[in-house]
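Data from input03.cif: mmCIF, C-alpha atoms
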data_final
#
loop_
_atom_site.label_atom_id
_atom_site.label_comp_id
_atom_site.auth_asym_id
_atom_site.auth_seq_id
_atom_site.Cartn_x
_atom_site.Cartn_y
_atom_site.Cartn_z
CA MET A 100 123.86 55.23 67.17
CA VAL A 101 123.30 54.21 63.55
CA LEU A 102 124.23 57.12 61.31
CA GLN A 103 122.82 57.79 57.86
CA GLN A 104 125.30 58.87 55.19
CA GLU A 105 124.61 62.19 53.52
CA GLY A 106 122.72 61.60 50.29
CA PHE A 107 121.95 57.98 51.24
CA CYS A 108 118.18 58.36 50.88
CA ARG A 109 115.72 61.20 50.53
CA GLU A 110 113.40 59.72 53.17
CA CYS A 111 116.21 59.66 55.73
CA MET A 112 117.09 63.27 55.03
CA ILE A 113 113.49 64.30 55.62
CA ALA A 114 113.08 62.19 58.72
CA HIS A 115 116.23 63.43 60.43
CA THR A 116 116.20 67.16 59.82
CA GLY A 117 115.79 67.82 63.53
CA THR A 118 112.37 69.42 63.06
CA THR A 119 110.56 66.28 64.18
CA THR A 120 109.89 65.38 67.78
CA VAL A 121 108.85 62.32 69.73
CA GLN A 122 106.21 62.03 72.40
CA ARG A 123 107.04 60.64 75.82
CA ASP A 124 104.45 60.88 78.57
CA ASP A 125 102.54 63.43 76.45
CA VAL A 126 105.61 65.70 76.26
CA ALA A 127 107.32 66.48 72.96
CA LEU A 128 111.05 65.79 73.09
CA PRO A 129 113.79 66.37 70.51
CA THR A 130 114.95 63.49 68.35
CA PRO A 131 118.57 62.70 67.44
CA TYR A 132 119.95 63.79 64.09
CA THR A 133 121.70 60.91 62.34
CA GLN A 134 122.74 62.26 58.93
CA ALA A 135 126.52 62.33 58.34
CA ALA A 136 128.39 64.29 55.70
CA HIS A 137 129.55 62.22 52.72
CA PRO A 138 133.26 61.35 52.98
CA SER A 139 133.99 62.92 49.60
CA SER A 140 132.61 66.30 50.72
CA VAL A 141 134.79 66.87 53.78
CA LEU A 142 138.39 67.48 54.83
CA PHE A 143 139.88 66.09 58.04
CA ASP A 144 142.53 67.69 60.21
CA SER A 145 144.54 65.81 62.83
CA ILE A 146 145.06 67.52 66.18
CA ASP A 147 146.16 66.67 69.70
CA ILE A 148 144.55 68.60 72.58
CA HIS A 149 146.18 68.14 75.99
CA GLY A 150 147.42 64.71 74.93
CA VAL A 151 144.14 63.57 73.33
CA PRO A 152 144.50 62.88 69.57
CA LEU A 153 141.46 63.33 67.33
CA GLN A 154 140.35 64.41 63.88
CA PHE A 155 137.71 67.00 63.04
CA ALA A 156 135.86 67.58 59.77
CA VAL A 157 135.35 70.75 57.72
CA ARG A 158 133.99 71.58 54.28
CA LYS A 159 136.72 74.03 53.29
CA PHE A 160 140.44 74.22 54.02
CA LYS A 161 140.23 77.81 55.33
CA HIS A 162 137.99 76.62 58.17
CA ILE A 163 140.88 74.57 59.61
CA ARG A 164 142.76 77.75 60.49
CA MET A 165 139.60 79.15 62.05
CA LEU A 166 139.24 76.14 64.33
CA HIS A 167 142.93 76.23 65.24
CA ASP A 168 142.37 79.81 66.41
CA HIS A 169 139.42 78.60 68.48
CA LEU A 170 141.59 75.97 70.16
CA GLN A 171 144.26 78.49 71.08
CA ARG A 172 141.64 80.83 72.57
CA GLU A 173 139.83 78.13 74.52
CA ILE A 174 142.65 75.77 75.48
CA HIS A 175 141.86 76.31 79.18
CA GLY A 176 138.28 75.19 78.58
CA TYR A 177 139.51 71.87 77.22
CA ALA A 178 141.72 71.49 80.29
CA ILE A 179 138.72 71.98 82.58
CA LEU A 180 136.72 69.46 80.54
CA LYS A 181 139.49 66.86 80.71
CA ASP A 182 139.77 67.25 84.48
CA ALA A 183 135.98 67.22 84.94
CA ILE A 184 135.72 63.88 83.10
CA ARG A 185 138.55 62.39 85.13
CA MET A 186 136.87 63.37 88.41
CA ALA A 187 133.46 62.18 87.23
CA LYS A 188 134.93 58.77 86.41
CA GLN A 189 136.26 58.55 89.96
CA GLN A 190 132.86 59.46 91.42
CA GLN A 191 130.63 57.49 88.98
CA GLN A 192 132.54 54.31 88.33
CA GLN A 193 129.47 52.37 87.13
CA ARG A 194 128.69 54.62 84.15
CA PRO A 195 130.46 56.96 81.73
CA PRO A 196 130.47 60.69 82.53
CA LEU A 197 127.87 62.77 80.72
CA VAL A 198 128.90 65.90 78.78
CA LEU A 199 126.67 68.41 76.98
CA GLY A 200 127.86 70.66 74.18
CA VAL A 201 125.21 73.31 73.48
CA GLY A 202 126.12 75.23 70.37
CA ALA A 203 128.44 72.38 69.41
CA ASN A 204 129.68 73.98 66.17
CA HIS A 205 132.14 71.52 64.54
CA GLY A 206 131.99 69.35 67.66
CA LEU A 207 135.54 69.73 68.96
CA TYR A 208 134.48 69.75 72.62
CA SER A 209 132.15 66.81 71.91
CA LEU A 210 134.79 64.76 70.11
CA PHE A 211 137.37 65.53 72.81
CA ALA A 212 134.96 64.40 75.55
CA ALA A 213 133.97 61.24 73.70
CA LYS A 214 137.62 60.31 73.12
CA LEU A 215 138.06 60.60 76.89
CA GLY A 216 135.26 58.09 77.43
CA ALA A 217 132.27 60.35 78.10
CA ASP A 218 128.77 60.05 76.70
CA VAL A 219 128.02 63.29 74.84
CA ILE A 220 124.90 65.22 73.88
CA ALA A 221 125.77 67.70 71.11
CA VAL A 222 123.15 70.36 70.29
CA GLU A 223 123.72 72.37 67.13
CA PRO A 224 121.18 74.43 65.12
CA GLN A 225 123.25 74.37 61.91
CA GLN A 226 122.31 71.30 59.91
CA ASN A 227 125.56 71.34 57.95
CA LEU A 228 127.58 71.27 61.18
CA CYS A 229 125.49 68.41 62.56
CA LYS A 230 126.49 66.37 59.53
CA LEU A 231 130.16 67.21 60.07
CA ILE A 232 129.98 66.21 63.75
CA ASN A 233 128.47 62.85 62.86
CA ARG A 234 131.09 62.25 60.16
CA ALA A 235 133.93 63.15 62.54
CA ALA A 236 132.42 60.90 65.21
CA GLN A 237 132.62 58.01 62.76
CA GLU A 238 136.21 58.89 61.84
CA ASN A 239 137.20 58.91 65.53
CA ASN A 240 135.29 55.68 66.31
CA VAL A 241 133.08 57.43 68.89
CA ALA A 242 129.76 57.53 67.01
CA ASP A 243 128.22 55.34 69.72
CA ARG A 244 129.11 57.95 72.33
CA ILE A 245 127.84 61.15 70.66
CA THR A 246 124.14 61.93 70.22
CA VAL A 247 123.60 64.93 67.93
CA TYR A 248 120.48 67.11 67.96
CA HIS A 249 119.73 69.54 65.12
CA ASN A 250 118.01 72.06 67.37
CA ALA A 251 118.57 75.31 69.21
CA ALA A 252 118.64 75.58 73.01
CA LEU A 253 116.56 78.37 74.55
CA ASP A 254 114.25 78.87 77.54
CA GLU A 255 111.00 77.57 76.04
CA HIS A 256 109.87 74.00 75.40
CA ASP A 257 109.47 73.10 71.71
CA GLU A 258 109.61 76.60 70.20
CA THR A 259 109.84 77.13 66.44
CA ILE A 260 112.69 79.48 65.52
CA SER A 261 114.58 80.56 62.40
CA MET A 262 118.24 80.98 61.57
CA LYS A 263 119.97 83.82 59.76
CA HIS A 264 123.41 83.56 58.14
CA ALA A 265 123.00 79.79 58.35
CA LYS A 266 125.19 79.14 55.30
CA LYS A 267 128.02 81.60 55.95
CA MET A 268 131.45 80.35 57.00
CA ASP A 269 130.30 76.76 57.35
CA GLY A 270 127.63 77.93 59.79
CA GLN A 271 130.03 79.91 61.97
CA LEU A 272 127.91 83.07 61.71
CA GLY A 273 124.50 81.48 62.17
CA THR A 274 122.25 83.32 64.61
CA VAL A 275 118.90 82.39 66.13
CA VAL A 276 115.87 84.52 65.26
CA ARG A 277 112.85 83.99 67.49
CA GLU A 278 109.35 84.33 66.11
CA GLY A 279 108.15 87.93 66.06
CA GLU A 280 111.64 89.42 65.89
CA ARG A 281 112.44 91.68 62.97
CA THR A 282 115.02 90.57 60.46
CA ASN A 283 115.67 90.59 56.75
CA THR A 284 113.47 87.79 55.46
CA THR A 285 116.02 86.88 52.80
CA LEU A 286 118.32 85.71 55.61
CA ARG A 287 115.76 83.35 57.16
CA VAL A 288 116.93 80.28 55.33
CA GLU A 289 115.55 77.56 57.59
CA GLN A 290 113.28 76.88 60.52
CA LEU A 291 113.80 74.41 63.31
CA HIS A 292 112.72 73.60 66.83
CA ALA A 293 114.26 74.96 70.01
CA PHE A 294 114.12 73.15 73.34
CA ARG A 295 115.41 73.67 76.85
CA ILE A 296 118.72 72.05 77.83
CA GLN A 297 116.86 69.89 80.32
CA ASP A 298 114.70 68.54 77.44
CA PHE A 299 117.76 67.18 75.65
CA VAL A 300 118.88 65.43 78.82
CA ALA A 301 115.38 63.94 79.25
CA ALA A 302 115.33 62.79 75.61
CA SER A 303 118.68 61.03 76.04
CA SER A 304 117.84 59.40 79.38
CA ASP A 305 115.62 56.44 80.19
CA GLY A 306 114.48 56.39 76.59
CA SER A 307 115.04 54.30 73.50
CA ASN A 308 118.80 54.28 73.95
CA GLY A 309 118.46 52.93 77.49
CA LYS A 310 120.93 55.40 78.97
CA PRO A 311 120.06 56.27 82.60
CA GLN A 312 119.93 59.74 84.03
CA HIS A 313 123.03 60.75 85.92
CA ASP A 314 124.95 63.85 86.85
CA ILE A 315 126.43 66.00 84.11
CA ALA A 316 130.18 66.34 84.44
CA PHE A 317 130.44 69.29 82.07
CA LEU A 318 128.07 71.60 80.21
CA LYS A 319 129.42 73.91 77.49
CA ILE A 320 127.19 76.77 76.31
CA ASP A 321 128.24 78.77 73.25
CA VAL A 322 125.11 80.12 71.58
CA GLU A 323 126.09 83.54 70.20
CA GLY A 324 124.22 85.95 72.46
CA PHE A 325 121.48 83.61 73.70
CA GLU A 326 123.45 82.09 76.60
CA LEU A 327 121.21 83.74 79.20
CA GLN A 328 118.15 82.06 77.72
CA ALA A 329 119.95 78.74 77.24
CA ALA A 330 121.09 78.73 80.87
CA LYS A 331 117.53 79.40 82.00
CA GLY A 332 116.53 76.25 80.10
CA ALA A 333 118.76 74.23 82.44
CA ALA A 334 117.17 75.59 85.64
CA GLN A 335 115.81 72.21 86.75
CA LEU A 336 119.24 70.62 86.36
CA PHE A 337 120.97 73.45 88.25
CA THR A 338 118.36 73.31 91.04
CA ALA A 339 118.87 69.56 91.41
CA LYS A 340 122.66 70.11 91.47
CA ARG A 341 123.11 67.71 88.58
CA ILE A 342 125.65 69.82 86.67
CA GLN A 343 129.15 69.70 88.12
CA ASN A 344 130.83 72.22 85.79
CA THR A 345 129.44 74.72 83.30
CA LEU A 346 131.53 76.72 80.85
CA VAL A 347 129.75 79.64 79.17
CA GLU A 348 130.78 82.03 76.44
CA PHE A 349 129.31 85.07 78.17
CA GLY A 350 128.44 88.42 76.61
CA PRO A 351 129.26 91.06 75.77
CA PRO A 352 126.08 93.00 76.68
CA SER A 353 125.96 94.55 73.22
CA ARG A 354 125.51 91.06 71.74
CA TRP A 355 122.71 90.29 74.20
CA GLN A 356 120.95 93.46 73.13
CA ILE A 357 121.42 93.01 69.39
CA ASP A 358 120.78 89.25 69.12
CA ALA A 359 118.46 88.49 72.03
CA GLY A 360 116.93 91.89 72.85
CA VAL A 361 117.91 91.87 76.55
CA GLY A 362 120.03 94.19 78.66
CA PRO A 363 123.04 93.69 80.95
CA GLU A 364 120.85 93.41 84.05
CA LEU A 365 119.80 89.92 82.92
CA GLY A 366 123.46 88.87 82.85
CA LEU A 367 123.89 90.23 86.34
CA HIS A 368 120.86 88.26 87.50
CA LEU A 369 122.27 85.05 86.03
CA LEU A 370 125.56 85.48 87.92
CA GLN A 371 123.64 86.10 91.13
CA ASP A 372 121.35 83.09 90.61
CA MET A 373 124.23 80.77 89.78
CA TYR A 374 126.01 81.76 92.99
CA GLU A 375 123.17 82.21 95.45
CA GLN A 376 120.44 79.90 94.18
CA TYR A 377 122.31 77.11 92.43
CA ASP A 378 125.38 76.92 94.71
CA THR A 379 127.97 77.26 91.97
CA GLN A 380 131.07 79.40 92.13
CA PRO A 381 131.44 81.66 89.08
CA ARG A 382 135.04 81.88 87.87
CA LEU A 383 136.35 84.09 85.11
CA ILE A 384 139.08 82.34 83.13
CA GLU A 385 141.46 83.83 80.59
CA SER A 386 139.39 85.23 77.72
CA PHE A 387 138.95 88.35 75.61
CA VAL A 388 137.80 90.54 78.51
CA TRP A 389 140.51 89.21 80.85
CA PRO A 390 142.93 92.21 80.73
CA ASP A 391 140.06 94.68 81.07
CA PHE A 392 138.72 92.91 84.14
CA LEU A 393 142.15 92.60 85.73
CA ALA A 394 142.52 96.37 85.43
CA SER A 395 139.47 96.74 87.71
CA ILE A 396 141.18 94.79 90.54
CA SER A 397 142.71 97.37 92.86
CA ASP A 398 144.47 94.91 95.16
CA ASP A 399 147.93 94.16 93.72
CA ASP A 400 148.21 90.77 95.42
CA ALA A 401 144.78 89.68 94.18
CA ARG A 402 145.62 90.78 90.64
CA SER A 403 148.97 88.97 90.72
CA ARG A 404 147.29 85.81 92.02
CA ALA A 405 144.69 85.96 89.23
CA GLU A 406 147.37 86.42 86.58
CA GLN A 407 149.25 83.41 87.90
CA GLN A 408 146.20 81.14 88.17
CA LYS A 409 144.54 82.37 84.95
CA MET A 410 141.31 82.30 86.92
CA VAL A 411 139.54 84.59 89.39
CA PRO A 412 136.48 83.66 91.51
CA LEU A 413 133.52 86.04 91.23
CA THR A 414 131.78 85.77 94.59
CA SER A 415 130.20 89.14 95.25
CA HIS A 416 127.83 91.60 93.65
CA GLN A 417 130.79 93.92 93.26
CA ASP A 418 132.67 91.26 91.25
CA TRP A 419 129.69 90.57 89.01
CA LYS A 420 129.07 94.25 88.37
CA ALA A 421 132.77 94.80 87.59
CA LEU A 422 132.67 92.00 85.00
CA ILE A 423 129.53 93.33 83.33
CA GLN A 424 131.04 96.81 83.21
CA ALA A 425 134.34 95.53 81.79
CA MET A 426 132.49 93.67 79.03
CA ASP A 427 130.18 96.62 78.35
CA HIS A 428 133.02 99.14 78.09
CA SER A 429 135.34 96.94 76.02
CA GLY A 430 132.77 95.13 73.90
CA LYS A 431 134.57 91.86 74.70
CA GLU A 432 133.18 88.51 75.82
CA ALA A 433 134.11 86.43 78.86
CA TYR A 434 134.59 82.72 79.42
CA LEU A 435 132.87 81.85 82.69
CA TRP A 436 133.34 78.59 84.55
CA PHE A 437 130.58 77.76 87.05
CA ALA A 438 131.78 75.01 89.40
CA LEU A 439 129.30 73.29 91.69
CA ASP A 440 130.32 74.29 95.20
CA ASP A 441 128.86 71.15 96.80
CA ASN A 442 131.00 70.38 99.85
CA LYS A 443 133.97 71.93 98.03
CA LYS A 444 134.14 68.94 95.67
CA HIS A 445 135.55 71.06 92.91
CA SER A 446 138.37 73.12 94.33
CA PRO A 447 140.48 74.62 91.53
CA ASN A 448 143.43 72.63 92.89
CA GLU A 449 141.73 69.40 91.78
CA PHE A 450 141.82 70.49 88.16
CA GLN A 451 145.34 69.31 87.46
CA THR A 452 145.42 69.97 83.71
CA PHE A 453 144.00 73.45 84.17
CA GLN A 454 146.35 74.21 87.07
CA SER A 455 149.39 73.05 85.09
CA ASN A 456 148.94 76.20 82.96
CA CYS A 457 150.50 74.46 79.99
CA GLY A 458 148.19 76.48 77.78
CA THR A 459 149.26 79.80 79.27
CA ASP A 460 151.09 80.91 76.16
CA HIS A 461 148.59 79.17 73.88
CA ASN A 462 151.17 76.53 73.06
CA VAL A 463 150.76 75.12 69.57
CA LYS A 464 153.16 72.97 67.57
CA ARG A 465 152.73 71.31 64.18
CA ILE A 466 154.73 68.12 63.68
CA MET A 467 155.12 65.27 61.20
CA ILE A 468 153.97 61.82 62.28
CA GLY A 469 154.99 59.79 59.25
CA GLU A 470 153.96 59.27 55.62
CA GLY A 471 153.55 63.01 55.11
CA ARG A 472 150.81 63.27 57.71
CA LYS A 473 150.83 66.24 60.07
CA VAL A 474 149.27 66.76 63.48
CA THR A 475 148.89 70.05 65.33
CA ARG A 476 149.36 69.81 69.08
CA PHE A 477 147.70 72.25 71.46
CA GLY A 478 148.12 72.97 75.17
CA CYS A 479 149.89 70.31 77.21
CA ALA A 480 150.53 68.23 74.09
CA ALA A 481 152.49 71.09 72.52
CA ALA A 482 154.30 71.89 75.77
CA ARG A 483 155.64 68.34 75.87
CA GLY A 484 157.14 68.72 72.43
#
Starting from the file, give its structure as structure tokens.
Amino acid sequence: MVLQQEGFCRECMIAHTGTTTVQRDDVALPTPYTQAAHPSSVLFDSIDIHGVPLQFAVRKFKHIRMLHDHLQREIHGYAILKDAIRMAKQQQQQRPPLVLGVGANHGLYSLFAAKLGADVIAVEPQQNLCKLINRAAQENNVADRITVYHNAALDEHDETISMKHAKKMDGQLGTVVREGERTNTTLRVEQLHAFRIQDFVAASSDGSNGKPQHDIAFLKIDVEGFELQAAKGAAQLFTAKRIQNTLVEFGPPSRWQIDAGVGPELGLHLLQDMYEQYDTQPRLIESFVWPDFLASISDDDARSRAEQQKMVPLTSHQDWKALIQAMDHSGKEAYLWFALDDNKKHSPNEFQTFQSNCGTDHNVKRIMIGEGRKVTRFGCAAARG
């Protein structure tokens, strides 16, 4: 993809704000966002995640520490992604694996996947973060692998929405506001279009870039309370069994109520649909609600096994209800991994990086690599020294 440098031309900035769409077969589809932050306006930090070196971009130095904290919290998610790409390469040898990052933020999952050889669709409603992702993609020589969309992902096709807190903490606190919802109008700093996840896949397949449709190795959803709506927008893909692995930042119910205006029963319905209708196996991995959920497991052997594996399958209504209750009582979110249970292709034992548990203690190590340059290693990279 040809990227436009931030400040390069006014016409480019207008044309690539993400509020425009293209028509294909009389259906409006999102268009890629190609603006990149100017090199003089960003800072880069060098990291190594499970043996994959990369650099990410931020506007302020204090945001580096914030993203390091994110990596320590979600190191198991990166392990699952690495394993999912490896297995997809084995199954689809004629084409690169496809990865979607919905709520891409600074693009760490997207950059990690691209460095591993995947084609990536990164959806991010914060324009400033879209520019940082594109700049980091250039710095990592993977700009041809990452397609960025300045949009939100919800359950309606081509919906106009607003953002609040869009400028705070480099966009970290940005929250979607749907039309008709009450909010302080002084916080509504920008409007943009929202699409379904399946619309982004359609826009990036069989279109101008010539990339064919194929199965999605990994879908990451992190949309600050709107994950239930975002998942609904991927219903066609789930029904067609085109998504091998989905990782969702899930809950807590209080966030669903405050940000999206829905109750915990909708979260329960999603877990049931993912298991019964879409043939995926929900798995809770180590996350904020982890100790609270473990406390609800009465069987000592089952609890010990979960603690050892850092993962517990959720395969019954009782499991789903226990998770919702644990999140509701604690106010903590969960990281849920939905693995396609198609002929047992994705047994946890196949996920070698995840099973190695090298991120169990959130391993992190900062080292010198010459000429005063430092790199921070996370997960397996830190465990190796």
Polymer residues at most 9 Å from (125.6, 66.3, 65.6) by only C-alpha atoms, as a compact mmCIF listing (two decimals) with C-alpha atoms, keeping the file's coordinate frame:
# COMPACT_ATOMS: atom_id res chain seq x y z
CA PRO A 131 118.57 62.70 67.44
CA TYR A 132 119.95 63.79 64.09
CA THR A 133 121.70 60.91 62.34
CA GLN A 134 122.74 62.26 58.93
CA ALA A 135 126.52 62.33 58.34
CA ALA A 203 128.44 72.38 69.41
CA ASN A 204 129.68 73.98 66.17
CA HIS A 205 132.14 71.52 64.54
CA GLY A 206 131.99 69.35 67.66
CA ILE A 220 124.90 65.22 73.88
CA ALA A 221 125.77 67.70 71.11
CA VAL A 222 123.15 70.36 70.29
CA GLU A 223 123.72 72.37 67.13
CA GLN A 226 122.31 71.30 59.91
CA LEU A 228 127.58 71.27 61.18
CA CYS A 229 125.49 68.41 62.56
CA LYS A 230 126.49 66.37 59.53
CA LEU A 231 130.16 67.21 60.07
CA ILE A 232 129.98 66.21 63.75
CA ASN A 233 128.47 62.85 62.86
CA ARG A 234 131.09 62.25 60.16
CA ALA A 236 132.42 60.90 65.21
CA ILE A 245 127.84 61.15 70.66
CA THR A 246 124.14 61.93 70.22
CA VAL A 247 123.60 64.93 67.93
CA TYR A 248 120.48 67.11 67.96
CA HIS A 249 119.73 69.54 65.12
Given the PyMOL selection byres ((chain A and resi 411) around 7) and the file above, list the residues it selects as a PyMOL selection string.
chain A and resi 382-384+405+410+412-413
Selection in question (the file shown): the PyMOL selection byres ((chain A and resi 244) around 10). Which residues does it include, as a ChimeraX atom specification?
/A:100,195,197,209-210,212-214,216-220,236,240-243,245-247
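CA of Ala433 in chain A to CA of Thr259 in chain A spans 28.8 Å [interatomic distance, one decimal].
Distances to Trp436 in chain A were evaluated for A:Gly360, A:Gly332, A:Gly200, A:Gly176 using all atoms listed in the file, and the minimum falls at A:Gly176.
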Going by the chain IDs and residue numbers used in this file, which residues fall under the PyMOL selection byres ((chain A and resi 326) around 10)? Write them as a list in words.
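Going through the file, the PyMOL selection byres ((chain A and resi 326) around 10) ends up selecting Val201, Gly202, Ala252, Leu253, Asp254, Ile320, Asp321, Val322, Glu323, Gly324, Phe325, Leu327, Gln328, Ala329, Ala330, Lys331, Gly332, Val347, Glu348, Phe349, Gly350, Trp355, Ala359, Gly366 and Leu369 of chain A.
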Interatomic distance between CA of Arg185 in chain A and CA of Leu215 in chain A?
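A separation of 8.4 Å between them.
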From the set A:His428, A:Lys159, A:Arg354, A:Lys409, which residue has the shortest atom-to-atom contact distance to Leu393 in chain A, counting all atoms listed in the file?
A:Lys409
As an exercise, work out the distance from CA of Lys464 in chain A to CA of His175 in chain A in Å and give it to one decimal place.
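Calculated distance between CA of Lys464 in chain A and CA of His175 in chain A is 16.5 Å.
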Counting only C-alpha atoms, the option among A:Val463, A:Val157, A:Ala293, A:Ala235 closest to Arg172 in chain A
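Among the listed residues, A:Val463 lies closest to Arg172 in chain A.
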Quick one: of A:Ala425, A:Ile260, A:Ala183, A:Leu435, who's nearest to Glu449 in chain A, counting only C-alpha atoms?
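Closest residue, counting only C-alpha atoms: A:Ala183.
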Min atom-atom distance to Gln407 in chain A from the set A:Leu291, A:Gln454, A:Gln376, A:Ser395, counting only C-alpha atoms, belongs to A:Gln454
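Nearest to Cys479 in chain A of all the residues A:His368, A:His149, A:Lys181, A:Lys420 is A:His149, counting all atoms listed in the file.
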